[in-house]
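J.: My structure is stored as input-v1.cif, with mmCIF, C-alpha atoms.
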data_start
#
loop_
_atom_site.label_atom_id
_atom_site.label_comp_id
_atom_site.auth_asym_id
_atom_site.auth_seq_id
_atom_site.Cartn_x
_atom_site.Cartn_y
_atom_site.Cartn_z
CA MET K 29 -95.12 264.17 -91.20
CA THR K 30 -95.95 265.21 -94.77
CA ALA K 31 -99.56 265.96 -93.87
CA LEU K 32 -98.50 268.14 -90.96
CA MET K 33 -95.94 269.95 -93.07
CA ASP K 34 -98.70 270.78 -95.54
CA THR K 35 -101.26 271.73 -92.88
CA TRP K 36 -98.84 274.05 -91.10
CA GLN K 37 -97.37 275.31 -94.40
CA LEU K 38 -93.80 274.35 -93.52
CA ASN K 39 -90.86 274.09 -95.90
CA PRO K 40 -87.85 271.82 -95.23
CA ASP K 41 -84.66 273.72 -94.41
CA GLY K 42 -81.92 271.23 -93.63
CA ASP K 43 -81.11 267.68 -92.62
CA ALA K 44 -83.29 265.90 -90.08
CA ILE K 45 -81.95 264.84 -86.68
CA HIS K 46 -82.98 261.32 -85.66
CA THR K 47 -82.60 259.99 -82.13
CA ALA K 48 -84.08 257.06 -80.24
CA SER K 49 -86.64 259.36 -78.61
CA SER K 50 -87.50 261.96 -81.26
CA GLU K 51 -87.14 263.27 -84.78
CA VAL K 52 -86.36 266.94 -85.40
CA TYR K 53 -86.65 268.72 -88.75
CA PRO K 54 -85.33 272.20 -89.56
CA VAL K 55 -88.10 274.05 -91.38
CA ILE K 56 -89.22 277.49 -92.47
CA ALA K 57 -92.53 278.52 -90.91
CA GLY K 58 -94.10 281.77 -92.03
CA GLY K 59 -90.77 283.04 -93.29
CA ARG K 60 -88.88 282.32 -90.06
CA PRO K 61 -86.56 279.42 -89.21
CA ALA K 62 -88.10 276.86 -86.88
CA MET K 63 -87.72 273.28 -85.67
CA LEU K 64 -90.43 270.65 -86.02
CA LYS K 65 -90.04 267.96 -83.36
CA PHE K 66 -91.88 264.64 -83.22
CA ALA K 67 -91.76 262.82 -79.88
CA ARG K 68 -91.37 259.05 -80.12
CA VAL K 69 -91.49 258.22 -76.39
CA ASP K 70 -93.71 259.37 -73.54
CA GLU K 71 -91.02 261.40 -71.77
CA GLU K 72 -90.55 263.54 -74.88
CA THR K 73 -94.30 264.14 -75.10
CA ARG K 74 -94.29 265.21 -71.45
CA GLY K 75 -91.49 267.57 -72.39
CA HIS K 76 -93.87 269.14 -74.89
CA ASP K 77 -96.34 269.66 -72.03
CA LEU K 78 -93.71 271.49 -70.01
CA MET K 79 -92.68 273.61 -73.00
CA MET K 80 -96.27 274.72 -73.39
CA TRP K 81 -96.42 275.65 -69.69
CA LEU K 82 -93.14 277.58 -69.86
CA ASP K 83 -94.70 279.60 -72.69
CA GLY K 84 -91.41 280.92 -74.01
CA GLU K 85 -90.22 282.28 -70.65
CA GLY K 86 -86.64 281.10 -70.47
CA ALA K 87 -87.41 278.47 -73.10
CA ALA K 88 -87.63 278.20 -76.86
CA ARG K 89 -90.89 279.71 -78.08
CA VAL K 90 -93.55 277.22 -79.15
CA TYR K 91 -95.40 278.22 -82.31
CA ARG K 92 -97.76 275.24 -82.63
CA ARG K 93 -98.51 271.93 -80.94
CA SER K 94 -100.46 268.92 -82.12
CA GLY K 95 -100.14 265.81 -79.97
CA ASP K 96 -96.60 264.48 -80.30
CA ALA K 97 -95.58 267.25 -82.73
CA LEU K 98 -94.13 270.56 -81.58
CA LEU K 99 -93.17 273.51 -83.78
CA MET K 100 -90.73 275.84 -82.01
CA GLU K 101 -88.25 278.57 -82.70
CA ARG K 102 -84.85 277.64 -84.05
CA LEU K 103 -81.96 278.74 -81.85
CA ASP K 104 -78.32 279.47 -82.62
CA ALA K 105 -75.62 276.79 -82.63
CA GLU K 106 -73.09 279.32 -81.35
CA PRO K 107 -72.10 280.37 -78.79
CA SER K 108 -72.20 276.96 -77.13
CA LEU K 109 -72.04 276.19 -73.42
CA VAL K 110 -70.27 272.92 -74.22
CA ASP K 111 -67.51 274.94 -75.90
CA MET K 112 -67.53 277.56 -73.12
CA VAL K 113 -66.58 274.94 -70.54
CA ARG K 114 -63.09 274.80 -72.06
CA SER K 115 -62.41 278.48 -71.39
CA ASP K 116 -64.89 279.48 -68.68
CA ASP K 117 -66.35 276.52 -66.82
CA ASP K 118 -67.55 278.75 -63.98
CA GLY K 119 -69.31 281.07 -66.40
CA ALA K 120 -71.07 278.18 -68.14
CA THR K 121 -72.28 276.87 -64.77
CA ARG K 122 -73.63 280.30 -63.80
CA ILE K 123 -75.60 280.43 -67.05
CA LEU K 124 -77.06 277.00 -66.32
CA VAL K 125 -78.05 278.14 -62.83
CA GLN K 126 -79.79 281.18 -64.27
CA ALA K 127 -81.60 278.96 -66.79
CA ALA K 128 -82.78 276.67 -63.99
CA GLN K 129 -84.00 279.61 -61.92
CA VAL K 130 -86.15 280.86 -64.79
CA VAL K 131 -87.63 277.41 -65.43
CA HIS K 132 -88.41 277.09 -61.72
CA ARG K 133 -90.29 280.38 -61.48
CA ASP K 134 -93.94 280.40 -60.50
CA ARG K 135 -96.32 281.04 -63.38
CA PRO K 136 -100.01 281.95 -63.49
CA ALA K 137 -101.08 278.72 -65.20
CA PRO K 138 -101.57 275.52 -63.15
CA TRP K 139 -98.70 273.05 -63.29
CA PRO K 140 -98.92 270.48 -66.06
CA GLU K 141 -99.51 266.87 -65.06
CA LEU K 142 -96.01 265.40 -64.92
CA PRO K 143 -94.43 262.37 -63.21
CA THR K 144 -92.84 262.79 -59.81
CA LEU K 145 -89.15 262.48 -59.07
CA ARG K 146 -89.84 259.42 -56.91
CA ARG K 147 -91.23 257.65 -59.97
CA TRP K 148 -88.18 258.78 -61.94
CA PHE K 149 -85.89 257.10 -59.40
CA GLN K 150 -87.47 253.65 -59.76
CA ALA K 151 -84.47 252.37 -61.73
CA LEU K 152 -82.09 253.23 -58.90
CA GLU K 153 -84.41 251.72 -56.30
CA ALA K 154 -84.52 248.51 -58.32
CA ALA K 155 -80.72 248.41 -58.59
CA ALA K 156 -80.05 249.16 -54.91
CA PRO K 157 -80.32 245.54 -53.62
CA GLY K 158 -77.08 244.86 -55.48
CA GLY K 159 -75.30 246.87 -52.80
CA GLY K 160 -72.24 249.09 -53.13
CA ALA K 161 -72.40 252.61 -54.53
CA LEU K 162 -75.85 252.03 -56.03
CA ALA K 163 -77.29 251.15 -52.62
CA GLU K 164 -75.57 254.17 -51.07
CA ALA K 165 -76.94 256.45 -53.80
CA TRP K 166 -80.46 255.08 -53.30
CA ALA K 167 -80.24 255.64 -49.52
CA VAL K 168 -79.34 259.28 -50.15
CA ALA K 169 -81.98 259.65 -52.87
CA ARG K 170 -84.65 258.21 -50.60
CA SER K 171 -83.82 260.70 -47.85
CA LEU K 172 -84.03 263.56 -50.34
CA LEU K 173 -87.29 262.32 -51.82
CA ASP K 174 -88.77 261.93 -48.35
CA ASP K 175 -87.86 265.53 -47.49
CA PRO K 176 -88.44 267.53 -50.70
CA ARG K 177 -87.78 271.25 -50.85
CA GLU K 178 -88.62 273.85 -53.47
CA VAL K 179 -91.00 271.43 -55.18
CA ARG K 180 -92.00 272.61 -58.64
CA PRO K 181 -91.96 271.65 -62.33
CA LEU K 182 -88.43 270.68 -63.37
CA HIS K 183 -86.66 270.60 -66.70
CA GLY K 184 -85.44 267.10 -65.93
CA ASP K 185 -82.44 267.12 -68.29
CA LEU K 186 -80.78 270.48 -67.72
CA HIS K 187 -77.26 270.35 -69.11
CA HIS K 188 -74.92 272.28 -71.38
CA GLY K 189 -76.40 270.89 -74.60
CA ASN K 190 -79.97 271.82 -73.68
CA VAL K 191 -79.41 275.52 -73.06
CA LEU K 192 -78.98 277.36 -76.36
CA TRP K 193 -78.44 280.93 -77.45
CA SER K 194 -81.16 283.21 -78.80
CA SER K 195 -79.85 286.40 -80.39
CA GLU K 196 -83.05 288.09 -79.21
CA ARG K 197 -83.41 286.75 -75.67
CA GLY K 198 -80.14 285.22 -74.54
CA TRP K 199 -79.84 281.70 -73.12
CA VAL K 200 -83.00 279.55 -73.18
CA VAL K 201 -83.77 275.88 -72.59
CA ILE K 202 -84.87 273.16 -74.99
CA ASP K 203 -85.69 269.45 -74.76
CA PRO K 204 -87.07 269.09 -71.22
CA LYS K 205 -88.22 265.75 -69.86
CA GLY K 206 -90.79 267.31 -67.53
CA LEU K 207 -90.96 266.29 -63.86
CA ILE K 208 -92.37 267.50 -60.57
CA GLY K 209 -90.04 267.55 -57.59
CA ASP K 210 -87.23 269.10 -55.62
CA SER K 211 -85.43 271.76 -57.66
CA GLY K 212 -82.07 270.37 -56.51
CA TYR K 213 -82.38 267.61 -59.10
CA ASP K 214 -81.93 270.04 -61.99
CA TYR K 215 -78.77 271.49 -60.43
CA ALA K 216 -77.27 268.04 -59.88
CA ASN K 217 -77.82 267.18 -63.54
CA MET K 218 -75.81 270.19 -64.71
CA LEU K 219 -72.86 269.22 -62.48
CA CYS K 220 -72.69 265.75 -64.05
CA ASN K 221 -72.12 267.34 -67.47
CA PRO K 222 -71.01 268.12 -70.16
CA SER K 223 -69.16 264.78 -69.91
CA LEU K 224 -67.89 262.38 -67.28
CA GLU K 225 -64.33 263.26 -68.26
CA VAL K 226 -65.00 266.87 -67.31
CA SER K 227 -67.09 266.06 -64.25
CA LEU K 228 -64.40 263.78 -62.78
CA ARG K 229 -61.50 266.19 -63.19
CA PRO K 230 -59.73 266.66 -59.84
CA GLY K 231 -61.28 269.56 -57.93
CA ARG K 232 -63.93 270.27 -60.56
CA LEU K 233 -66.96 269.05 -58.61
CA GLU K 234 -65.97 270.93 -55.45
CA ARG K 235 -65.48 274.15 -57.37
CA GLN K 236 -68.69 273.96 -59.36
CA VAL K 237 -70.73 273.11 -56.25
CA ALA K 238 -69.43 276.35 -54.77
CA VAL K 239 -70.23 278.26 -57.98
CA VAL K 240 -73.82 276.95 -57.97
CA ALA K 241 -74.33 277.84 -54.32
CA GLN K 242 -72.90 281.33 -54.80
CA ALA K 243 -75.20 281.87 -57.80
CA GLY K 244 -78.30 281.10 -55.72
CA GLY K 245 -78.62 277.34 -56.12
CA PRO K 246 -78.95 274.79 -53.32
CA PRO K 247 -76.47 274.87 -50.41
CA PRO K 248 -73.38 272.69 -50.95
CA GLU K 249 -74.33 269.75 -48.72
CA ARG K 250 -77.77 269.31 -50.24
CA LEU K 251 -76.40 269.76 -53.76
CA LEU K 252 -73.71 267.11 -53.18
CA ALA K 253 -76.42 264.76 -51.93
CA TRP K 254 -78.38 265.32 -55.13
CA VAL K 255 -75.26 264.75 -57.24
CA GLN K 256 -74.65 261.46 -55.45
CA ALA K 257 -78.27 260.42 -55.99
CA TYR K 258 -78.52 261.62 -59.59
CA SER K 259 -75.26 260.03 -60.75
CA GLY K 260 -76.37 256.78 -59.10
CA LEU K 261 -79.61 256.96 -61.07
CA SER K 262 -77.70 257.67 -64.27
CA ALA K 263 -75.49 254.65 -63.60
CA ALA K 264 -78.57 252.47 -63.06
CA TRP K 265 -79.99 253.63 -66.39
CA SER K 266 -76.69 252.89 -68.14
CA ALA K 267 -76.57 249.41 -66.63
CA GLN K 268 -80.15 248.76 -67.78
CA ASP K 269 -79.12 249.70 -71.31
CA GLY K 270 -76.15 247.34 -71.21
CA HIS K 271 -73.49 250.06 -70.94
CA SER K 272 -71.58 248.62 -67.99
CA GLY K 273 -68.44 250.68 -68.61
CA HIS K 274 -70.31 253.96 -68.59
CA ALA K 275 -72.24 252.86 -65.50
CA ALA K 276 -68.99 252.16 -63.65
CA ARG K 277 -67.57 255.57 -64.53
CA THR K 278 -70.78 257.28 -63.47
CA LEU K 279 -70.61 255.53 -60.11
CA GLU K 280 -67.16 257.06 -59.66
CA LEU K 281 -68.86 260.45 -59.69
CA SER K 282 -71.50 259.23 -57.22
CA ARG K 283 -68.77 258.02 -54.86
CA LEU K 284 -66.88 261.29 -55.26
CA ALA K 285 -69.96 263.32 -54.33
CA GLY K 286 -70.64 261.01 -51.39
CA GLY K 287 -67.09 261.37 -50.14
CA LEU K 288 -67.20 265.16 -50.34
CA LEU K 289 -70.56 265.15 -48.57
CA SER K 290 -69.23 262.97 -45.74
CA ALA K 291 -66.18 265.22 -45.36
CA ARG K 292 -68.41 268.28 -44.98
CA GLN K 293 -70.62 266.52 -42.42
CA ASN K 294 -67.74 265.29 -40.24
#
Now, as a test, write the supplied structure out as structure tokens.
T.:
Amino acid sequence: MTALMDTWQLNPDGDAIHTASSEVYPVIAGGRPAMLKFARVDEETRGHDLMMWLDGEGAARVYRRSGDALLMERLDAEPSLVDMVRSDDDGATRILVQAAQVVHRDRPAPWPELPTLRRWFQALEAAAPGGGALAEAWAVARSLLDDPREVRPLHGDLHHGNVLWSSERGWVVIDPKGLIGDSGYDYANMLCNPSLEVSLRPGRLERQVAVVAQAGGPPPERLLAWVQAYSGLSAAWSAQDGHSGHAARTLELSRLAGGLLSARQN
């Protein structure tokens, strides 16, 4: 890191943020505040590839890239979509939909090489033989993956904490995972956030599905199918990591989406 800081003439400007997948350092670059991010896992490096392809359109601007290191603009901590949910959940969802629509736009450059959604769902496929809600989620996911629509580069982790405010440009995305697949996946992710407590509130999922559809997202039935599939995948990941309690709660959301989907189909 020190060598890169010297090469790029960066000055530290705050405490580092350390996670299991990356390290992020607030810095000053050429007199402007920036963030220097080092990817520690492949999915974060692929996220760098997508950030380069987005080229600042609806995303944080990238100033420099060198392998696993990305230097990008620093965004504002406030306003926050996580905080907005408390007072205007519908408004926060509409902002997320708009952010997804910008990410999903066609661009002149060829798509970056990114993993497919089917590969992403391997954890759920592996968990499905156990039966129950995981098997039901995989059956729905498989039908969606076999009949993809609006296939394009996806953010892959589009939620309230990954859409931040720019005083110059409004709401923009950060921290993508980078996938290729059906755009419905990104919308399902946003409806499973900002927390399970919020997502499982009575009536919340039904209302936000309608908000997404009215804002130009997928139709309600297809979106509910993606929510059932995505929350099943999230539960499979949690179980893999040994978080059985969180996995069980996430499966509640998968069952809820499946129940609402069945009610609409009958």
J.: Please report, as CSV, each residue of region 90-148 of chain K lying at most 10 Å from region 160-181 of chain K, together with the nearest pair of atoms and the separation in Å rounded to one decimal; use all atoms listed in the file, and order rows by chain and ascending residue number.
T.:
residue,atom,partner,partner_atom,distance
K:Val131,CA,K:Pro181,CA,7.8
K:His132,CA,K:Arg180,CA,6.5
K:Arg133,CA,K:Arg180,CA,8.4
K:Asp134,CA,K:Arg180,CA,8.2
K:Trp139,CA,K:Pro181,CA,7.0
K:Pro140,CA,K:Pro181,CA,8.0
K:Glu141,CA,K:Pro181,CA,9.3
K:Leu142,CA,K:Pro181,CA,7.9
K:Pro143,CA,K:Pro181,CA,9.6
K:Thr144,CA,K:Pro181,CA,9.3
K:Leu145,CA,K:Leu173,CA,7.5
K:Arg146,CA,K:Leu173,CA,6.4
J.: I'd like the contact shell of Lys205 (chain K) - 8 Å cut-off, only C-alpha atoms, skipping same-chain residues fewer than 3 positions apart - returned as a short mmCIF file (atom, residue, chain, number, x, y, z; two decimals) with C-alpha atoms, in the coordinates of the input.
T.:
data_model
loop_
_atom_site.label_atom_id
_atom_site.label_comp_id
_atom_site.auth_asym_id
_atom_site.auth_seq_id
_atom_site.Cartn_x
_atom_site.Cartn_y
_atom_site.Cartn_z
CA GLU K 71 -91.02 261.40 -71.77
CA GLU K 72 -90.55 263.54 -74.88
CA ARG K 74 -94.29 265.21 -71.45
CA GLY K 75 -91.49 267.57 -72.39
CA LEU K 78 -93.71 271.49 -70.01
CA HIS K 183 -86.66 270.60 -66.70
CA GLY K 184 -85.44 267.10 -65.93
CA ASP K 185 -82.44 267.12 -68.29
#
J.: Please, what distance in Å, to one decimal, runs between CA of Asp104 (chain K) and CA of Leu192 (chain K)?
T.: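 The value is 6.6 Å.
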J.: Residues at most 10 Å from Gln236 (chain K), counting all atoms listed in the file, excluding those fewer than 6 positions away in the same chain, as number ranges by chain?
T.: K: 117-118, 121-122, 218-219, 227, 242, 248
J.: Can you list what the PyMOL selection byres ((chain K and resi 234) around 12) grabs from this structure, as a VMD selection string?
T.: chain K and resid 118 219 227 to 233 235 to 241 248 to 249 251 to 252 255 281 284 to 289 291 to 292
J.: Just want the 12 Å neighbourhood of Ala48 (chain K), counted on all atoms listed in the file, with same-chain residues fewer than 2 positions away dropped. Output as number ranges by chain.
T.: K: 45-46, 50-52, 66-72
J.: Could you check how far CA of Asp214 (chain K) sits from CA of Val226 (chain K), in Å to one decimal?
T.: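 Atom-to-atom, CA of Asp214 (chain K) and CA of Val226 (chain K) are spaced 18.0 Å apart.
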J.: For Asp41 (chain K), which of K:Gly245, K:Arg283, K:Pro54, K:Gln129 is the closest residue, counting only C-alpha atoms?
T.: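 With only C-alpha atoms as the atom set, the closest residue is K:Pro54.
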J.: Mind pulling up the distance from CA of Cys220 (chain K) to CA of Arg250 (chain K)?
T.: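 Separating CA of Arg250 (chain K) from CA of Cys220 (chain K) is a distance of 15.1 Å.
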J.: Near Gly198 (chain K), counting all atoms listed in the file, which residues have an atom at most 12 Å away, once you skip same-chain residues fewer than 6 positions from it, shown as a ChimeraX atom specification?
T.: /K:85-88,103-104,106-108,123,126-127,191-192
J.: For the residues in the current selection, export C-alpha atoms as a PDB file, in the coordinates of the input.
T.:
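Result written to result10.pdb:
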ATOM      1  CA  GLU K  85     -90.220 282.280 -70.650  1.00  0.00           C
ATOM      2  CA  GLY K  86     -86.640 281.100 -70.470  1.00  0.00           C
ATOM      3  CA  ALA K  87     -87.410 278.470 -73.100  1.00  0.00           C
ATOM      4  CA  ALA K  88     -87.630 278.200 -76.860  1.00  0.00           C
ATOM      5  CA  LEU K 103     -81.960 278.740 -81.850  1.00  0.00           C
ATOM      6  CA  ASP K 104     -78.320 279.470 -82.620  1.00  0.00           C
ATOM      7  CA  GLU K 106     -73.090 279.320 -81.350  1.00  0.00           C
ATOM      8  CA  PRO K 107     -72.100 280.370 -78.790  1.00  0.00           C
ATOM      9  CA  SER K 108     -72.200 276.960 -77.130  1.00  0.00           C
ATOM     10  CA  ILE K 123     -75.600 280.430 -67.050  1.00  0.00           C
ATOM     11  CA  GLN K 126     -79.790 281.180 -64.270  1.00  0.00           C
ATOM     12  CA  ALA K 127     -81.600 278.960 -66.790  1.00  0.00           C
ATOM     13  CA  VAL K 191     -79.410 275.520 -73.060  1.00  0.00           C
ATOM     14  CA  LEU K 192     -78.980 277.360 -76.360  1.00  0.00           C
TER      15      LEU K 192
END
J.: Which residue gives the smallest distance to Ser49 (chain K) among K:Ser195, K:Gln268, K:Thr73, K:Ser211, with only C-alpha atoms counted?
T.: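 Ranking K:Ser195, K:Gln268, K:Thr73, K:Ser211 by distance to Ser49 (chain K), first place goes to K:Thr73.
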J.: With the file shown as input, list the residues that the PyMOL selection byres ((chain K and resi 110-115) around 7) selects, as a ChimeraX atom specification.
T.: /K:108-109,116-117,120,188-189,222
J.: Name the residues that the PyMOL selection byres ((chain K and resi 259) around 7) pulls out of this structure, and write them as number ranges by chain.
T.: K: 255-258, 260-263, 278-279, 281-282
J.: Applying 7 Å and only C-alpha atoms, which residues near Trp254 (chain K) remain after dropping the ones on its own chain fewer than 5 positions away? List them as a PyMOL selection string.
T.: chain K and resi 212-213+216
J.: Counting all atoms listed in the file, which residue out of K:Val200, K:Ala154, K:Ile208, K:Ala128 sits closest to Trp265 (chain K)?
T.: K:Ala154
J.: Here is a test: counting all atoms listed in the file, which residue of K:Lys65, K:Arg197, K:Arg60, K:Arg277 is nearest to Gly84 (chain K)?
T.: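 Result for the nearest residue to Gly84 (chain K): K:Arg197.
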J.: For a quick check of understanding, using all atoms listed in the file, which of K:Arg92, K:His187, K:His274, K:Arg135 has the smallest distance to Leu64 (chain K)?
T.: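 That would be K:Arg92, the residue with the smallest distance to Leu64 (chain K).
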J.: Looking at all atoms listed in the file, which of K:Leu182, K:Ala267, K:Ala151, K:Met100 is the one that sits closest to Met80 (chain K)?
T.: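 Selected residue with least distance to Met80 (chain K): K:Met100.
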